[in-house]
>>> print(open('work-v1.cif').read())   # mmCIF, C-alpha atoms
data_run
#
loop_
_atom_site.group_PDB
_atom_site.id
_atom_site.type_symbol
_atom_site.label_atom_id
_atom_site.label_comp_id
_atom_site.auth_asym_id
_atom_site.auth_seq_id
_atom_site.Cartn_x
_atom_site.Cartn_y
_atom_site.Cartn_z
ATOM 1 C CA MET Q 1 -91.231 246.639 33.034
ATOM 2 C CA ALA Q 2 -92.245 247.730 36.529
ATOM 3 C CA ARG Q 3 -89.442 248.372 38.960
ATOM 4 C CA ILE Q 4 -89.644 246.868 42.430
ATOM 5 C CA PRO Q 5 -89.163 249.629 44.995
ATOM 6 C CA ALA Q 6 -86.174 249.305 47.284
ATOM 7 C CA VAL Q 7 -86.782 248.205 50.853
ATOM 8 C CA PRO Q 8 -86.232 251.203 53.158
ATOM 9 C CA THR Q 9 -82.928 250.964 55.002
ATOM 10 C CA SER Q 10 -84.737 251.685 58.260
ATOM 11 C CA LEU Q 11 -86.702 248.472 57.745
ATOM 12 C CA LEU Q 12 -83.566 246.510 56.820
ATOM 13 C CA ALA Q 13 -81.666 247.661 59.893
ATOM 14 C CA ALA Q 14 -84.493 247.334 62.406
ATOM 15 C CA GLY Q 15 -85.806 244.161 60.826
ATOM 16 C CA SER Q 16 -82.426 242.519 61.085
ATOM 17 C CA LEU Q 17 -82.360 243.225 64.826
ATOM 18 C CA VAL Q 18 -85.879 241.893 65.370
ATOM 19 C CA GLY Q 19 -85.503 238.984 62.964
ATOM 20 C CA GLY Q 20 -82.086 238.064 64.284
ATOM 21 C CA PHE Q 21 -83.343 238.011 67.849
ATOM 22 C CA ALA Q 22 -86.424 235.984 66.916
ATOM 23 C CA LEU Q 23 -84.326 233.414 65.061
ATOM 24 C CA ALA Q 24 -81.766 233.179 67.861
ATOM 25 C CA GLN Q 25 -84.491 232.745 70.456
ATOM 26 C CA THR Q 26 -86.403 230.170 68.409
ATOM 27 C CA THR Q 27 -83.401 228.042 67.426
ATOM 28 C CA LYS Q 28 -81.340 228.633 70.599
ATOM 29 C CA LYS Q 29 -78.434 229.418 68.249
ATOM 30 C CA ARG Q 30 -77.245 232.978 68.785
ATOM 31 C CA GLN Q 31 -74.905 232.720 65.808
ATOM 32 C CA LEU Q 32 -77.857 232.401 63.429
ATOM 33 C CA GLY Q 33 -79.323 235.581 64.837
ATOM 34 C CA GLY Q 34 -75.977 237.263 64.301
ATOM 35 C CA VAL Q 35 -75.983 236.205 60.651
ATOM 36 C CA VAL Q 36 -79.429 237.765 60.124
ATOM 37 C CA PHE Q 37 -78.328 240.949 61.884
ATOM 38 C CA ALA Q 38 -75.107 241.164 59.846
ATOM 39 C CA ALA Q 39 -76.906 240.493 56.553
ATOM 40 C CA GLY Q 40 -79.543 243.160 57.137
ATOM 41 C CA THR Q 41 -76.998 245.741 58.187
ATOM 42 C CA ALA Q 42 -74.711 244.868 55.274
ATOM 43 C CA ALA Q 43 -77.618 245.249 52.854
ATOM 44 C CA ALA Q 44 -78.294 248.779 54.126
ATOM 45 C CA ILE Q 45 -74.690 250.036 54.075
ATOM 46 C CA PRO Q 46 -74.379 250.748 50.315
ATOM 47 C CA ARG Q 47 -77.432 253.028 50.336
ATOM 48 C CA TRP Q 48 -76.288 254.673 53.543
ATOM 49 C CA ARG Q 49 -72.922 255.379 51.931
ATOM 50 C CA LYS Q 50 -74.512 256.663 48.726
ATOM 51 C CA THR Q 51 -76.906 258.978 50.571
ATOM 52 C CA ILE Q 52 -74.882 260.262 53.541
ATOM 53 C CA GLY Q 53 -71.301 259.313 52.720
ATOM 54 C CA THR Q 54 -68.826 256.907 54.242
ATOM 55 C CA GLY Q 55 -68.729 258.661 57.605
ATOM 56 C CA GLY Q 56 -72.501 258.657 57.910
ATOM 57 C CA ALA Q 57 -72.687 255.011 56.887
ATOM 58 C CA ALA Q 58 -70.049 254.170 59.480
ATOM 59 C CA ALA Q 59 -72.035 256.055 62.129
ATOM 60 C CA LEU Q 60 -75.259 254.204 61.292
ATOM 61 C CA THR Q 61 -73.403 250.887 61.262
ATOM 62 C CA GLY Q 62 -71.927 251.730 64.659
ATOM 63 C CA LEU Q 63 -75.371 252.668 65.930
ATOM 64 C CA SER Q 64 -76.773 249.327 64.762
ATOM 65 C CA ILE Q 65 -73.971 247.365 66.391
ATOM 66 C CA GLY Q 66 -74.215 249.455 69.545
ATOM 67 C CA ALA Q 67 -77.977 248.937 69.655
ATOM 68 C CA MET Q 68 -77.547 245.190 69.506
ATOM 69 C CA GLY Q 69 -75.035 245.372 72.343
ATOM 70 C CA ALA Q 70 -77.189 247.737 74.379
ATOM 71 C CA SER Q 71 -80.211 245.488 74.044
ATOM 72 C CA HIS Q 72 -78.620 242.888 76.320
ATOM 73 C CA PRO Q 73 -78.288 244.965 79.522
ATOM 74 C CA LEU Q 74 -81.545 246.761 78.723
ATOM 75 C CA ALA Q 75 -83.296 243.380 78.519
ATOM 76 C CA LYS Q 76 -82.363 242.722 82.144
ATOM 77 C CA LYS Q 77 -84.300 245.844 83.122
ATOM 78 C CA ILE Q 78 -87.355 245.767 80.834
ATOM 79 C CA GLY Q 79 -87.432 242.294 79.265
ATOM 80 C CA ALA Q 80 -86.036 240.821 76.082
ATOM 81 C CA TRP Q 81 -88.718 241.713 73.546
ATOM 82 C CA PRO Q 82 -89.327 245.232 74.895
ATOM 83 C CA SER Q 83 -85.577 245.821 74.732
ATOM 84 C CA VAL Q 84 -85.395 244.647 71.123
ATOM 85 C CA ALA Q 85 -88.360 246.888 70.296
ATOM 86 C CA VAL Q 86 -86.705 249.939 71.865
ATOM 87 C CA VAL Q 87 -83.316 249.546 70.181
ATOM 88 C CA SER Q 88 -84.838 248.546 66.834
ATOM 89 C CA SER Q 89 -87.069 251.609 66.923
ATOM 90 C CA ALA Q 90 -84.105 253.857 67.654
ATOM 91 C CA VAL Q 91 -82.150 252.416 64.732
ATOM 92 C CA ALA Q 92 -85.159 252.611 62.399
ATOM 93 C CA LEU Q 93 -85.932 256.213 63.294
ATOM 94 C CA THR Q 94 -82.321 257.283 62.844
ATOM 95 C CA ALA Q 95 -81.932 255.502 59.497
ATOM 96 C CA TRP Q 96 -85.211 256.951 58.286
ATOM 97 C CA ALA Q 97 -84.266 260.486 59.329
ATOM 98 C CA ALA Q 98 -80.747 260.292 57.908
ATOM 99 C CA VAL Q 99 -81.372 258.313 54.724
ATOM 100 C CA ASP Q 100 -84.844 257.066 53.833
ATOM 101 C CA ARG Q 101 -86.797 260.317 54.017
ATOM 102 C CA ARG Q 102 -84.438 261.747 51.388
ATOM 103 C CA ALA Q 103 -85.274 259.027 48.887
#
>>> encode(input="work-v1.cif", output="structure tokens")
Amino acid sequence: MARIPAVPTSLLAAGSLVGGFALAQTTKKRQLGGVVFAAGTAAAIPRWRKTIGTGGAAALTGLSIGAMGASHPLAKKIGAWPSVAVVSSAVALTAWAAVDRRA
């Protein structure tokens, strides 16, 4: 039986930021966006922990949460979608470098 390859954690983490923002903006319910963000981050944590340990997983989780927070003031300077693109890219690149490229 063929095995389905795992989704890269960089895609989970960045996708949850982009998808969460898109859902929140579309529905006008920020809480729904938060659920998408939390689910994507939570899905990545076990592989982060397995690959780079608890401390590394905590650092990547903190980066993801910090990126979401940083996107708000950044959006006032460059716009909402550009801000989400910048912070999502930073999270994706970091997760790829720390975890996914080792897989």
>>> resolve_selection(input="work-v1.cif", expression="the PyMOL selection byres ((chain Q and resi 16) around 12)", output="compact mmCIF listing (two decimals) with C-alpha atoms, in the coordinates of the input")
# COMPACT_ATOMS: atom_id res chain seq x y z
CA THR Q 9 -82.93 250.96 55.00
CA SER Q 10 -84.74 251.68 58.26
CA LEU Q 11 -86.70 248.47 57.74
CA LEU Q 12 -83.57 246.51 56.82
CA ALA Q 13 -81.67 247.66 59.89
CA ALA Q 14 -84.49 247.33 62.41
CA GLY Q 15 -85.81 244.16 60.83
CA LEU Q 17 -82.36 243.22 64.83
CA VAL Q 18 -85.88 241.89 65.37
CA GLY Q 19 -85.50 238.98 62.96
CA GLY Q 20 -82.09 238.06 64.28
CA PHE Q 21 -83.34 238.01 67.85
CA ALA Q 22 -86.42 235.98 66.92
CA LEU Q 23 -84.33 233.41 65.06
CA ALA Q 24 -81.77 233.18 67.86
CA LEU Q 32 -77.86 232.40 63.43
CA GLY Q 33 -79.32 235.58 64.84
CA GLY Q 34 -75.98 237.26 64.30
CA VAL Q 35 -75.98 236.20 60.65
CA VAL Q 36 -79.43 237.76 60.12
CA PHE Q 37 -78.33 240.95 61.88
CA ALA Q 38 -75.11 241.16 59.85
CA ALA Q 39 -76.91 240.49 56.55
CA GLY Q 40 -79.54 243.16 57.14
CA THR Q 41 -77.00 245.74 58.19
CA ALA Q 42 -74.71 244.87 55.27
CA ALA Q 43 -77.62 245.25 52.85
CA ALA Q 44 -78.29 248.78 54.13
CA SER Q 64 -76.77 249.33 64.76
CA ILE Q 65 -73.97 247.36 66.39
CA ALA Q 67 -77.98 248.94 69.66
CA MET Q 68 -77.55 245.19 69.51
CA VAL Q 84 -85.40 244.65 71.12
CA ALA Q 85 -88.36 246.89 70.30
CA VAL Q 87 -83.32 249.55 70.18
CA SER Q 88 -84.84 248.55 66.83
CA SER Q 89 -87.07 251.61 66.92
CA VAL Q 91 -82.15 252.42 64.73
CA ALA Q 92 -85.16 252.61 62.40
>>> closest_residue(input="work-v1.cif", among="Q:Thr27, Q:Arg47, Q:Thr61, Q:Leu74", to="Val7 in chain Q", atoms="only C-alpha atoms")
Q:Arg47
>>> resolve_selection(input="work-v1.cif", expression="the PyMOL selection byres ((chain Q and resi 49) around 12)", output="list in words")
Thr9, Ala42, Ala43, Ala44, Ile45, Pro46, Arg47, Trp48, Lys50, Thr51, Ile52, Gly53, Thr54, Gly55, Gly56, Ala57, Ala58, Ala59, Leu60, Thr61, Ala95, Ala98 and Val99 of chain Q
>>> write_last_selection(input="work-v1.cif", atoms="C-alpha atoms", output="mmCIF file, keeping the file's coordinate frame")
data_model
loop_
_atom_site.group_PDB
_atom_site.id
_atom_site.type_symbol
_atom_site.label_atom_id
_atom_site.label_comp_id
_atom_site.auth_asym_id
_atom_site.auth_seq_id
_atom_site.Cartn_x
_atom_site.Cartn_y
_atom_site.Cartn_z
ATOM 1 C CA THR Q 9 -82.928 250.964 55.002
ATOM 2 C CA ALA Q 42 -74.711 244.868 55.274
ATOM 3 C CA ALA Q 43 -77.618 245.249 52.854
ATOM 4 C CA ALA Q 44 -78.294 248.779 54.126
ATOM 5 C CA ILE Q 45 -74.690 250.036 54.075
ATOM 6 C CA PRO Q 46 -74.379 250.748 50.315
ATOM 7 C CA ARG Q 47 -77.432 253.028 50.336
ATOM 8 C CA TRP Q 48 -76.288 254.673 53.543
ATOM 9 C CA LYS Q 50 -74.512 256.663 48.726
ATOM 10 C CA THR Q 51 -76.906 258.978 50.571
ATOM 11 C CA ILE Q 52 -74.882 260.262 53.541
ATOM 12 C CA GLY Q 53 -71.301 259.313 52.720
ATOM 13 C CA THR Q 54 -68.826 256.907 54.242
ATOM 14 C CA GLY Q 55 -68.729 258.661 57.605
ATOM 15 C CA GLY Q 56 -72.501 258.657 57.910
ATOM 16 C CA ALA Q 57 -72.687 255.011 56.887
ATOM 17 C CA ALA Q 58 -70.049 254.170 59.480
ATOM 18 C CA ALA Q 59 -72.035 256.055 62.129
ATOM 19 C CA LEU Q 60 -75.259 254.204 61.292
ATOM 20 C CA THR Q 61 -73.403 250.887 61.262
ATOM 21 C CA ALA Q 95 -81.932 255.502 59.497
ATOM 22 C CA ALA Q 98 -80.747 260.292 57.908
ATOM 23 C CA VAL Q 99 -81.372 258.313 54.724
#
